[in-house]
$ cat my_file_35.cif   # mmCIF, C-alpha atoms
data_start
#
loop_
_atom_site.group_PDB
_atom_site.id
_atom_site.type_symbol
_atom_site.label_atom_id
_atom_site.label_comp_id
_atom_site.auth_asym_id
_atom_site.auth_seq_id
_atom_site.Cartn_x
_atom_site.Cartn_y
_atom_site.Cartn_z
ATOM 1 C CA MET A 1 105.159 106.482 82.156
ATOM 2 C CA ALA A 2 102.000 105.588 80.252
ATOM 3 C CA GLN A 3 101.484 102.408 82.255
ATOM 4 C CA CYS A 4 101.928 104.330 85.493
ATOM 5 C CA ARG A 5 99.356 106.910 84.351
ATOM 6 C CA GLU A 6 96.934 104.170 83.319
ATOM 7 C CA LEU A 7 97.145 102.665 86.784
ATOM 8 C CA LEU A 8 96.573 106.051 88.363
ATOM 9 C CA VAL A 9 93.554 106.648 86.128
ATOM 10 C CA VAL A 10 92.084 103.277 87.057
ATOM 11 C CA ASP A 11 92.804 103.967 90.722
ATOM 12 C CA ARG A 12 91.174 107.393 90.510
ATOM 13 C CA GLN A 13 88.124 106.002 88.759
ATOM 14 C CA PHE A 14 87.657 103.186 91.257
ATOM 15 C CA THR A 15 88.466 104.980 94.502
ATOM 16 C CA GLY A 16 88.510 108.671 93.644
ATOM 17 C CA GLN A 17 92.057 108.836 95.060
ATOM 18 C CA ALA A 18 94.977 110.258 93.089
ATOM 19 C CA ASN A 19 97.460 108.723 95.536
ATOM 20 C CA LEU A 20 98.297 105.022 95.050
ATOM 21 C CA VAL A 21 98.760 104.361 98.770
ATOM 22 C CA LYS A 22 95.421 105.909 99.715
ATOM 23 C CA GLY A 23 93.696 104.155 96.830
ATOM 24 C CA ALA A 24 95.233 100.814 97.782
ATOM 25 C CA ARG A 25 94.088 101.214 101.393
ATOM 26 C CA GLU A 26 90.538 101.893 100.216
ATOM 27 C CA ILE A 27 90.566 98.811 97.991
ATOM 28 C CA LEU A 28 91.985 96.648 100.791
ATOM 29 C CA ALA A 29 89.216 97.935 103.073
ATOM 30 C CA LEU A 30 86.741 96.338 100.649
ATOM 31 C CA GLY A 31 88.030 92.872 101.540
ATOM 32 C CA PRO A 32 91.088 91.771 99.573
ATOM 33 C CA LYS A 33 93.992 90.739 101.810
ATOM 34 C CA THR A 34 96.689 91.371 99.203
ATOM 35 C CA MET A 35 96.925 93.711 96.256
ATOM 36 C CA VAL A 36 99.659 94.165 93.655
ATOM 37 C CA ILE A 37 99.973 97.283 91.545
ATOM 38 C CA LYS A 38 102.210 96.816 88.522
ATOM 39 C CA ARG A 39 103.750 100.105 87.460
ATOM 40 C CA GLY A 40 105.436 99.111 84.189
ATOM 41 C CA GLU A 41 109.043 100.225 83.931
ATOM 42 C CA TYR A 42 108.718 101.809 87.396
ATOM 43 C CA GLY A 43 108.294 98.496 89.183
ATOM 44 C CA ALA A 44 105.578 97.031 91.366
ATOM 45 C CA MET A 45 103.995 97.519 94.766
ATOM 46 C CA LEU A 46 102.511 94.805 96.968
ATOM 47 C CA PHE A 47 100.040 96.057 99.547
ATOM 48 C CA ARG A 48 98.703 94.213 102.562
ATOM 49 C CA LYS A 49 96.937 95.639 105.578
ATOM 50 C CA ASP A 50 100.108 95.420 107.657
ATOM 51 C CA THR A 51 102.841 95.866 105.041
ATOM 52 C CA LEU A 52 103.947 97.539 101.830
ATOM 53 C CA PHE A 53 106.635 96.072 99.576
ATOM 54 C CA MET A 54 108.000 97.992 96.596
ATOM 55 C CA VAL A 55 110.467 96.989 93.914
ATOM 56 C CA PRO A 56 111.862 98.997 91.018
ATOM 57 C CA GLY A 57 111.445 97.832 87.458
ATOM 58 C CA TYR A 58 114.265 95.704 86.095
ATOM 59 C CA LEU A 59 116.336 97.948 83.835
ATOM 60 C CA ILE A 60 116.679 96.696 80.285
ATOM 61 C CA GLU A 61 119.124 98.422 78.002
ATOM 62 C CA ASP A 62 117.230 97.687 74.784
ATOM 63 C CA VAL A 63 113.459 97.429 75.168
ATOM 64 C CA PHE A 64 112.110 95.794 72.028
ATOM 65 C CA ASP A 65 108.391 95.597 72.863
ATOM 66 C CA PRO A 66 106.675 95.898 76.276
ATOM 67 C CA THR A 67 103.404 94.399 75.015
ATOM 68 C CA GLY A 68 102.407 91.536 77.304
ATOM 69 C CA ALA A 69 104.868 92.386 80.073
ATOM 70 C CA GLY A 70 102.048 92.809 82.603
ATOM 71 C CA ASP A 71 100.669 89.381 81.750
ATOM 72 C CA CYS A 72 104.162 87.907 82.042
ATOM 73 C CA PHE A 73 104.509 89.618 85.420
ATOM 74 C CA ALA A 74 101.273 87.960 86.540
ATOM 75 C CA GLY A 75 102.451 84.579 85.239
ATOM 76 C CA GLY A 76 105.789 84.858 87.041
ATOM 77 C CA PHE A 77 104.084 85.982 90.251
ATOM 78 C CA VAL A 78 101.461 83.226 90.306
ATOM 79 C CA GLY A 79 103.868 80.627 88.895
ATOM 80 C CA TYR A 80 106.348 81.219 91.712
ATOM 81 C CA LEU A 81 103.617 80.903 94.336
ATOM 82 C CA ALA A 82 102.299 77.705 92.728
ATOM 83 C CA GLU A 83 105.797 76.226 92.601
ATOM 84 C CA ARG A 84 106.198 76.928 96.322
ATOM 85 C CA GLY A 85 102.836 75.333 97.188
ATOM 86 C CA PHE A 86 101.515 78.671 98.407
ATOM 87 C CA ASP A 87 98.050 78.297 99.950
ATOM 88 C CA LEU A 88 95.989 81.413 100.551
ATOM 89 C CA LYS A 89 93.075 79.403 101.937
ATOM 90 C CA ASN A 90 94.697 78.465 105.247
ATOM 91 C CA GLY A 91 95.992 82.004 105.811
ATOM 92 C CA ARG A 92 99.359 80.781 107.073
ATOM 93 C CA PHE A 93 102.246 81.773 104.885
ATOM 94 C CA ASP A 94 105.479 83.681 104.901
ATOM 95 C CA VAL A 95 104.935 87.197 103.526
ATOM 96 C CA HIS A 96 108.481 87.042 102.157
ATOM 97 C CA GLU A 97 107.221 84.433 99.667
ATOM 98 C CA LEU A 98 104.905 87.139 98.312
ATOM 99 C CA HIS A 99 107.880 89.488 98.065
ATOM 100 C CA ARG A 100 109.863 86.913 96.088
ATOM 101 C CA ALA A 101 106.841 86.374 93.853
ATOM 102 C CA VAL A 102 106.785 90.097 93.029
ATOM 103 C CA ILE A 103 110.443 89.897 92.039
ATOM 104 C CA TYR A 104 109.896 86.785 89.916
ATOM 105 C CA GLY A 105 106.985 88.604 88.286
ATOM 106 C CA SER A 106 109.251 91.547 87.500
ATOM 107 C CA VAL A 107 111.907 89.211 86.135
ATOM 108 C CA MET A 108 109.452 87.505 83.795
ATOM 109 C CA GLY A 109 108.030 90.830 82.644
ATOM 110 C CA SER A 110 111.543 92.017 81.843
ATOM 111 C CA PHE A 111 112.239 88.993 79.633
ATOM 112 C CA CYS A 112 109.028 89.688 77.719
ATOM 113 C CA CYS A 113 110.285 93.166 76.745
ATOM 114 C CA GLU A 114 113.433 91.826 75.098
ATOM 115 C CA GLU A 115 111.726 90.470 71.971
ATOM 116 C CA PHE A 116 108.387 90.698 70.196
ATOM 117 C CA GLY A 117 105.474 89.059 72.018
ATOM 118 C CA VAL A 118 106.529 85.923 73.822
ATOM 119 C CA GLU A 119 109.383 85.051 71.455
ATOM 120 C CA ARG A 120 111.949 85.455 74.251
ATOM 121 C CA PHE A 121 110.284 82.620 76.170
ATOM 122 C CA ARG A 122 110.850 80.092 73.409
ATOM 123 C CA ASN A 123 114.502 79.667 74.448
ATOM 124 C CA LEU A 124 114.400 80.978 78.014
ATOM 125 C CA THR A 125 115.913 78.629 80.607
ATOM 126 C CA ARG A 126 115.317 78.303 84.321
ATOM 127 C CA LYS A 127 119.003 79.096 84.791
ATOM 128 C CA GLU A 128 118.519 82.493 83.071
ATOM 129 C CA ILE A 129 115.434 83.216 85.178
ATOM 130 C CA ASP A 130 117.204 82.389 88.439
ATOM 131 C CA ALA A 131 120.295 84.375 87.397
ATOM 132 C CA ARG A 132 118.186 87.460 86.733
ATOM 133 C CA PHE A 133 116.374 86.961 90.056
ATOM 134 C CA GLU A 134 119.731 86.892 91.858
ATOM 135 C CA GLU A 135 120.903 89.935 89.896
ATOM 136 C CA PHE A 136 117.691 91.733 90.908
ATOM 137 C CA ARG A 137 118.299 90.787 94.528
ATOM 138 C CA ARG A 138 121.892 92.056 94.340
ATOM 139 C CA PHE A 139 120.845 95.358 92.755
ATOM 140 C CA THR A 140 118.198 96.048 95.415
ATOM 141 C CA ALA A 141 120.008 94.849 98.547
ATOM 142 C CA PHE A 142 121.402 97.423 100.930
#

$ encode --input "my_file_35.cif" --output "structure tokens"
Amino acid sequence: MAQCRELLVVDRQFTGQANLVKGAREILALGPKTMVIKRGEYGAMLFRKDTLFMVPGYLIEDVFDPTGAGDCFAGGFVGYLAERGFDLKNGRFDVHELHRAVIYGSVMGSFCCEEFGVERFRNLTRKEIDARFEEFRRFTAF
């Protein structure tokens, strides 16, 4: 809950809006085409002028330490886009790639919480990452 409150405080300070959707619209009106709000254990929201994509946080039974999870989210998000050759400059891309990037970000953030600091990443395999991505997809499909 603290991370969610911190984001709301930042949003209120920047836009004067208590509501994340209204605040995000104001920020997008300033020029950014895409905005991601990470909400800690509550998930993440990706805003674009024409779309909103929300995912829940990945549930971990035993959270050891959430320190650095936001940075790991960012690394997973950007890393997925880089792997896919995502190019924001030409403006032509599949918005679903952004959605997958949000999920990969959430997956990487969840691994970070399992041990102290980045210790979990020392032995993390691509197979584990992809398995958690698929599990996330299965849990959120309807």

$ resolve_selection --input "my_file_35.cif" --expression "the PyMOL selection byres ((chain A and resi 76) around 9)" --output "list of chain:residue names"
A:Asp71, A:Cys72, A:Phe73, A:Ala74, A:Gly75, A:Phe77, A:Val78, A:Gly79, A:Tyr80, A:Leu81, A:Ala101, A:Val102, A:Ile103, A:Tyr104, A:Gly105, A:Ser106, A:Val107, A:Met108, A:Gly109

$ atom_distance --input "my_file_35.cif" --atom1 "CA of Leu28 (chain A)" --atom2 "CA of Val55 (chain A)"
19.7 Å

$ resolve_selection --input "my_file_35.cif" --expression "the PyMOL selection byres ((chain A and resi 58) around 8)" --output "MDAnalysis selection string"
chainID A and resid 41 43 56:57 59:60 106:107 110 136

$ closest_residue --input "my_file_35.cif" --among "A:Val21, A:Met45, A:Ala69, A:Met35" --to "Cys113 (chain A)" --atoms "only C-alpha atoms"
A:Ala69

$ atom_distance --input "my_file_35.cif" --atom1 "CA of Glu114 (chain A)" --atom2 "CA of Glu97 (chain A)"
26.4 Å

$ atom_distance --input "my_file_35.cif" --atom1 "CA of Ile37 (chain A)" --atom2 "CA of Gln13 (chain A)"
15.0 Å

$ closest_residue --input "my_file_35.cif" --among "A:Val95, A:Leu124, A:Ala44, A:Val118" --to "Phe64 (chain A)" --atoms "only C-alpha atoms"
A:Val118

$ residues_around --input "my_file_35.cif" --residues "Ile27 (chain A)" --least-positions-apart "5" --cutoff "9 Å" --atoms "only C-alpha atoms" --output "list in words"
Phe14, Thr15, Lys22, Pro32 and Met35 of chain A

$ residues_around --input "my_file_35.cif" --residues "Asn123 (chain A)" --least-positions-apart "5" --cutoff "12 Å" --atoms "only C-alpha atoms" --output "NGL selection string"
:A and (111-112 or 115 or 118 or 128-129)

$ closest_residue --input "my_file_35.cif" --among "A:Val36, A:Gly68, A:Leu30, A:Lys49" --to "Leu98 (chain A)" --atoms "only C-alpha atoms"
A:Val36

$ closest_residue --input "my_file_35.cif" --among "A:Asn19, A:Gly70, A:Arg132, A:Ala82" --to "Arg39 (chain A)" --atoms "all atoms listed in the file"
A:Gly70

$ closest_residue --input "my_file_35.cif" --among "A:Asp87, A:Arg122, A:Phe116, A:His99" --to "Thr51 (chain A)" --atoms "only C-alpha atoms"
A:His99
